[in-house]
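Below is one structure, written out as structure tokens, with a few remarks after it.
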Number of protein chains: 2
Amino acid sequence: MTAADALTDLLAYQHETEALVGVAGRLDWDQETMMPPGAAEQRAEESAAMSGVLHARRTDPRIGDWLAASETAEMTEAQAAMLRHIRRDYDKTQKVPGKLAAEIARVTSISQGKWAAARAADDFTAFVPWLTRVVALRQEEGQALANGGDPYDALIDNYEPDMTAARLDAMFGEMRPRLRTLREKVLGQPEPQGLSGTFDETAQMAFATQLATTFGYDLTRGRLDKAVHPFSSGSGSDVRITTRTNPTDPFNCFYSTIHEVGHACYEQGIDAGYALTPLGQGVSMGVHESQSRIYENQIGRSRAFTGWMYDRMSDSFGDIGVTTPDAFYAAVNRVRKDFIRTESDELQYNLHIMLRFDLERALISGDLKPEDLESAWNERFEKDFGFAVPRASLGCLQDVHWSIGLFGYFPTYSLGNVYAGCLHQAMRAAIPDLDDHLAKGDTTPATTWLRENVQRHGGLYRPAEVIERACGAAPTAGPLMDYIEAKFIALYNIQ
Amino acid sequence: MTAADALTDLLAYQHETEALVGVAGRLDWDQETMMPPGAAEQRAEESAAMSGVLHARRTDPRIGDWLAASETAEMTEAQAAMLRHIRRDYDKTQKVPGKLAAEIARVTSISQGKWAAARAADDFTAFVPWLTRVVALRQEEGQALANGGDPYDALIDNYEPDMTAARLDAMFGEMRPRLRTLREKVLGQPEPQGLSGTFDETAQMAFATQLATTFGYDLTRGRLDKAVHPFSSGSGSDVRITTRTNPTDPFNCFYSTIHEVGHACYEQGIDAGYALTPLGQGVSMGVHESQSRIYENQIGRSRAFTGWMYDRMSDSFGDIGVTTPDAFYAAVNRVRKDFIRTESDELQYNLHIMLRFDLERALISGDLKPEDLESAWNERFEKDFGFAVPRASLGCLQDVHWSIGLFGYFPTYSLGNVYAGCLHQAMRAAIPDLDDHLAKGDTTPATTWLRENVQRHGGLYRPAEVIERACGAAPTAGPLMDYIEAKFIALYNIQ
């Protein structure tokens, strides 16, 4: 086998694997949107069989042989990046014993149901045995991956390559006091009025579709459906999103849609030549979240864009309870005391994440025992948010993540916000008249800049490198914090 | 490896294969119903990768080892039937060289597009090179499978195990003169009035859903969507159907729906214990078609059921252009001069099939050259139907089947009608008051009898055996012909 042949064979093999990953992803989409309720058990068998196929392909020892043999091959920058991804993934499969991987899949598929039942019953104790098992399995995986290093770092690396807990800790340490101080000031001001009116759910979906195309989502290569939870799935020329509707809260539908459109436009914006290669998906969870957040927040919740949206919503829904663009902007960005991360605002959202980051880090290190999670959560929540958690469903049982084994994932949400802050600063510098466009509902200059500077690269560069190339400087929390402070100080007339 | 272990391993392996077949089927469903238009190329890659996975599994030499080793194992009747199916399929894969199978897949995926373009341009000559290649490949496959026998018989066996061209020929030879004679008499009578009115397409879909549940289709284990072509897909607890709407022709939607419901109810009616085994699907194309046809025709187009349907349609659509149940029944069963098989009636449908059977048999034997197909078709059509075919899209280019390599498939449609005739006779004998139920829109006695006597067995028995067990006699064309003659002689007042 020549080096060139090995490279060709490896990339052809990977091409097929990526196609099968697409099939598996479509199956998950179907499960959340189209699957008849009675098909759940059969679907579990189908999904398990697909997972088995993918696992067998990813652990195929030929990958190791091809990687070794292709090292001396001449290759393009893109091919070198592809090999980097393949090697990284293959090394991970080599480090984690197959039995452990299978046990993680088995336990997390059960524990998600146990979590849902415990949350419905507000009974943290019922979830403790399952949390204990999931934490133990992820500790074991983290140790296997870390090779003597920090197991939690190894878990973070699954979602955000090159990132470490220490760097996140420093970043969050800089953000936390500024956010706490700002939060107190804002909550000391009078609360803006919210929307009221009649928001027909079919009309909400029509409006959401209009928003999606306004942000450049290409419906000839995607589709928008209703589901219990908003999500984006797929890559290349088939990237689908979902949203949900709530008859009294249209913002839930609209901002979930814009958020998922951000994820989807990232996937749709990747160089078509990378399709069905390891470069054909967003490069990390943090960079992915930077796109969804900048679409949702820095663009979608800006004064300029909400002015346009106020007119459109008034056209579509008649009396919406607020009567000026400024009041609408205040309603969109209203900060309220609440317990739930997913319903939080730009100001408080990162406090929710930091809490989870510290607690899950302590769970994986063993400093926090799973049975003590609820009390640790409640104590920390009161410290950061100033009021007590009345029950577990509003506290440590609110998120699905830990039940399905996602440890090291939460911090990528805030990292995405930090990246979005950096990108927003650079984008504003590059497009001085951005607000003039947004005020007319024209997002094209913004989405074009993001596609050109971030999205099109897919997996070509390392995550932080993507942001640094786009912004001209390594990412820091400063731009995000400056943006949040300026926005909420002005909006709430804080002296 | 003990015989018992070999049996266990083989069935576990097959279980996973069946689950993956389900995934591939869902992917095809998605392509016809949900896929964004721009995703076609990527989907072709995904489907090819899934086909590769399934091909590798089906040709895995371990299957041969397991089959040999499990021969002496103690097993249930069901397990013995499973092994029969697995051995049959594995033997076929052993006989057909992998290169030939791949070439068939490659050429038919292209030639379908060539056929669609040729049909749109009404240009048979443009399709000849592709038809020639497809016929040659299927001849080669037929020879490989036939092992010295008749290649066309071997192709029929792919869709209808145990059936031969000679037996079909004898059956069709008995039917053809009776159908021709009856057709002439019917067309000599005044043509009944058709429907007229406004048939809102959303209301058609609502009515189709009502019909589907009336026939016992379980929507908690299935769903009904719109697609260009009506079809049924899936098995076990996830069996989905599609239909289409035409604003001026609601029967197109309703009878397509009932037809697909027949297929889907067969799948849904199979013993749940056979799910994800080789017994968990309908046993042959002919038996499958017997279910769709008996739902659509002997039940759905009966005087009793159409009486109920007339009332419901008048409720849903107002003035439908006919004003009595008898006139409605006549409109449902109207016989007209036409070229198109899929729009044909119970009387003429089998003449369309027999024409295709004779021509494709001659193509595979080499007696008919592909370039002579159009003239052979037109000559035969005029003989059977009494008028000339004006252009290829109304003649030999009307069906997709040959372009995708389906040879030996067409006769299973008429075989299904023959089976439906036998089942209908036995069902009427078992349920003397069936029409009283149908007149009230109650299909339960009929669908229960079919589930009990046909559907629940899945692949447990051989195709003809299923019919014989249900009817107490080997299937013949007599009952179908007697039924058709009695129905149309009465309806058209033929002396």
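Chain labels follow the order of the structure tokens: the first chain is A, the next B, and so on; residue numbering restarts at 1 in every chain, and ligands are counted from 1 in their shown order.
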Spatial neighbours of Ser70 in chain B, max dist 7 Å, only C-alpha atoms, sep filter under 2 positions, as a list of chain:residue names: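 What passes the distance filter is B:Ala3, B:Ala4, B:Ala6, B:Leu7, B:Trp66, B:Leu67, B:Ala68, B:Thr72, B:Ala73.
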Exercise answer, chain B residues close to chain A, 8 Å and only C-alpha atoms, as a ChimeraX atom specification: /B:16-17,19-20,22-23,26-27,35-39,42,45-46,49-50,219-223,236-238
Let's have the selection written as a tab-separated table (two decimals), in the first residue's frame, with N, CA, C and O atoms.
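The result, written out as result_12.tsv:
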```tsv
chain	number	residue	atom	x	y	z
B	16	GLU	N	-30.63	-7.96	13.65
B	16	GLU	CA	-29.96	-6.68	13.38
B	16	GLU	C	-30.11	-6.29	11.92
B	16	GLU	O	-30.31	-5.11	11.60
B	17	THR	N	-29.99	-7.27	11.04
B	17	THR	CA	-30.16	-6.97	9.61
B	17	THR	C	-31.55	-6.42	9.34
B	17	THR	O	-31.73	-5.43	8.63
B	19	ALA	N	-33.50	-4.89	11.38
B	19	ALA	CA	-33.60	-3.54	11.93
B	19	ALA	C	-32.99	-2.53	10.95
B	19	ALA	O	-33.53	-1.45	10.72
B	20	LEU	N	-31.87	-2.91	10.33
B	20	LEU	CA	-31.22	-2.01	9.36
B	20	LEU	C	-32.03	-1.89	8.08
B	20	LEU	O	-32.06	-0.83	7.44
B	22	GLY	N	-35.18	-1.84	8.11
B	22	GLY	CA	-36.17	-0.85	8.53
B	22	GLY	C	-35.64	0.57	8.39
B	22	GLY	O	-36.34	1.47	7.93
B	23	VAL	N	-34.38	0.76	8.78
B	23	VAL	CA	-33.76	2.09	8.66
B	23	VAL	C	-33.69	2.51	7.19
B	23	VAL	O	-34.04	3.64	6.84
B	26	ARG	N	-37.07	3.50	5.92
B	26	ARG	CA	-37.49	4.81	6.43
B	26	ARG	C	-36.82	5.92	5.64
B	26	ARG	O	-37.41	6.97	5.36
B	27	LEU	N	-35.57	5.68	5.25
B	27	LEU	CA	-34.83	6.65	4.45
B	27	LEU	C	-35.52	6.86	3.09
B	27	LEU	O	-35.65	7.98	2.61
B	35	MET	N	-37.99	14.94	2.34
B	35	MET	CA	-36.66	15.43	1.98
B	35	MET	C	-36.72	16.75	1.24
B	35	MET	O	-37.51	16.91	0.31
B	36	PRO	N	-35.89	17.72	1.63
B	36	PRO	CA	-35.83	18.97	0.86
B	36	PRO	C	-35.33	18.67	-0.56
B	36	PRO	O	-34.49	17.79	-0.75
B	37	PRO	N	-35.83	19.43	-1.55
B	37	PRO	CA	-35.48	19.11	-2.93
B	37	PRO	C	-33.97	19.17	-3.20
B	37	PRO	O	-33.46	18.39	-4.00
B	38	GLY	N	-33.27	20.08	-2.50
B	38	GLY	CA	-31.85	20.23	-2.77
B	38	GLY	C	-30.97	19.12	-2.20
B	38	GLY	O	-29.76	19.12	-2.38
B	39	ALA	N	-31.58	18.17	-1.48
B	39	ALA	CA	-30.79	17.14	-0.80
B	39	ALA	C	-30.62	15.86	-1.62
B	39	ALA	O	-30.04	14.89	-1.13
B	42	GLN	N	-26.95	14.32	-2.10
B	42	GLN	CA	-26.42	13.81	-0.84
B	42	GLN	C	-27.16	12.55	-0.42
B	42	GLN	O	-26.57	11.58	0.07
B	45	GLU	N	-25.91	9.42	-1.95
B	45	GLU	CA	-24.72	8.89	-1.27
B	45	GLU	C	-25.11	8.13	0.00
B	45	GLU	O	-24.56	7.07	0.31
B	46	GLU	N	-26.06	8.69	0.73
B	46	GLU	CA	-26.50	8.05	1.97
B	46	GLU	C	-27.17	6.71	1.68
B	46	GLU	O	-26.92	5.71	2.37
B	49	ALA	N	-24.63	4.14	0.71
B	49	ALA	CA	-23.89	3.64	1.87
B	49	ALA	C	-24.73	2.62	2.64
B	49	ALA	O	-24.21	1.58	3.09
B	50	MET	N	-26.02	2.89	2.80
B	50	MET	CA	-26.89	1.93	3.49
B	50	MET	C	-26.99	0.63	2.69
B	50	MET	O	-26.98	-0.47	3.26
B	219	LEU	N	-53.27	4.24	13.24
B	219	LEU	CA	-52.43	5.43	13.09
B	219	LEU	C	-51.47	5.64	14.25
B	219	LEU	O	-50.57	6.49	14.17
B	220	THR	N	-51.62	4.87	15.35
B	220	THR	CA	-50.59	4.97	16.39
B	220	THR	C	-49.34	4.19	15.99
B	220	THR	O	-48.30	4.31	16.62
B	221	ARG	N	-49.48	3.36	14.95
B	221	ARG	CA	-48.32	2.62	14.45
B	221	ARG	C	-48.08	2.92	12.96
B	221	ARG	O	-47.50	2.11	12.25
B	222	GLY	N	-48.56	4.07	12.53
B	222	GLY	CA	-48.39	4.45	11.13
B	222	GLY	C	-48.74	5.91	10.94
B	222	GLY	O	-49.07	6.61	11.91
B	223	ARG	N	-48.66	6.40	9.71
B	223	ARG	CA	-49.07	7.75	9.41
B	223	ARG	C	-49.39	7.84	7.92
B	223	ARG	O	-48.92	7.04	7.12
B	236	GLY	N	-43.92	-4.07	10.96
B	236	GLY	CA	-44.01	-4.08	12.42
B	236	GLY	C	-44.83	-2.92	12.95
B	236	GLY	O	-45.97	-2.69	12.51
B	237	SER	N	-44.28	-2.16	13.85
B	237	SER	CA	-45.04	-1.10	14.50
B	237	SER	C	-44.80	0.27	13.85
B	237	SER	O	-45.12	1.28	14.45
B	238	ASP	N	-44.24	0.29	12.66
B	238	ASP	CA	-44.04	1.57	11.96
B	238	ASP	C	-44.28	1.36	10.46
B	238	ASP	O	-43.35	1.16	9.69
```
Closest of A:Val332, A:Leu11, A:Ala430, A:Met1 to Asn297 in chain A - atom-to-atom distances counting only C-alpha atoms: A:Val332
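When the distance limit is 7 Å and only C-alpha atoms are what count, the residues near range 185-190 of chain B, minus those fewer than 3 positions from it on the same chain, are Thr181, Leu182 and Tyr492 of chain B.
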Please produce an output containing N, CA, C and O atoms for each residue in the selection, written as an mmCIF file, in the first residue's frame.
```cif
data_model
loop_
_atom_site.group_PDB
_atom_site.id
_atom_site.type_symbol
_atom_site.label_atom_id
_atom_site.label_comp_id
_atom_site.auth_asym_id
_atom_site.auth_seq_id
_atom_site.Cartn_x
_atom_site.Cartn_y
_atom_site.Cartn_z
ATOM 1 N N THR B 181 -64.171 -10.548 -23.803
ATOM 2 C CA THR B 181 -65.595 -10.626 -24.154
ATOM 3 C C THR B 181 -66.420 -9.686 -23.280
ATOM 4 O O THR B 181 -67.239 -8.901 -23.764
ATOM 5 N N LEU B 182 -66.152 -9.747 -21.976
ATOM 6 C CA LEU B 182 -66.906 -8.907 -21.044
ATOM 7 C C LEU B 182 -66.638 -7.425 -21.327
ATOM 8 O O LEU B 182 -67.555 -6.599 -21.310
ATOM 9 N N TYR B 492 -73.984 -3.228 -15.549
ATOM 10 C CA TYR B 492 -74.209 -2.681 -16.892
ATOM 11 C C TYR B 492 -75.450 -3.282 -17.567
ATOM 12 O O TYR B 492 -75.629 -3.101 -18.762
#
```
Selected residue of minimal separation from Ser284 in chain B among B:Trp130, B:Trp308, B:Tyr419, B:Trp29, counting only C-alpha atoms: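 That would be B:Tyr419, the residue with the smallest distance to Ser284 in chain B.
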DSSP-assigned helix (DSSP H, G or I) members of range 157-257 of chain A, reported as number ranges by chain: A: 157-159, 165-187, 201-214, 219-221, 250-257
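Going from CA of Pro432 in chain A over to CA of Tyr217 in chain A, you cover 23.8 Å.
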Every residue of range 56-253 of chain A that DSSP places in strand (DSSP E), as an MDAnalysis selection string: chainID A and resid 224:226 232:235 238:243
For Pro230 in chain A: contacts at 7 Å, only C-alpha atoms, fewer than 4 positions along chain excluded, given as a list of chain:residue names: A:Thr242, A:Thr243, A:Arg244, A:Ser256
With C-alpha atoms kept, could you save the residues just selected as a compact mmCIF listing (two decimals), in the first residue's frame?
```txt
# COMPACT_ATOMS: atom_id res chain seq x y z
CA THR A 242 -37.62 22.27 14.62
CA THR A 243 -39.34 24.76 16.85
CA ARG A 244 -42.32 24.79 19.19
CA SER A 256 -35.96 29.26 19.36
```
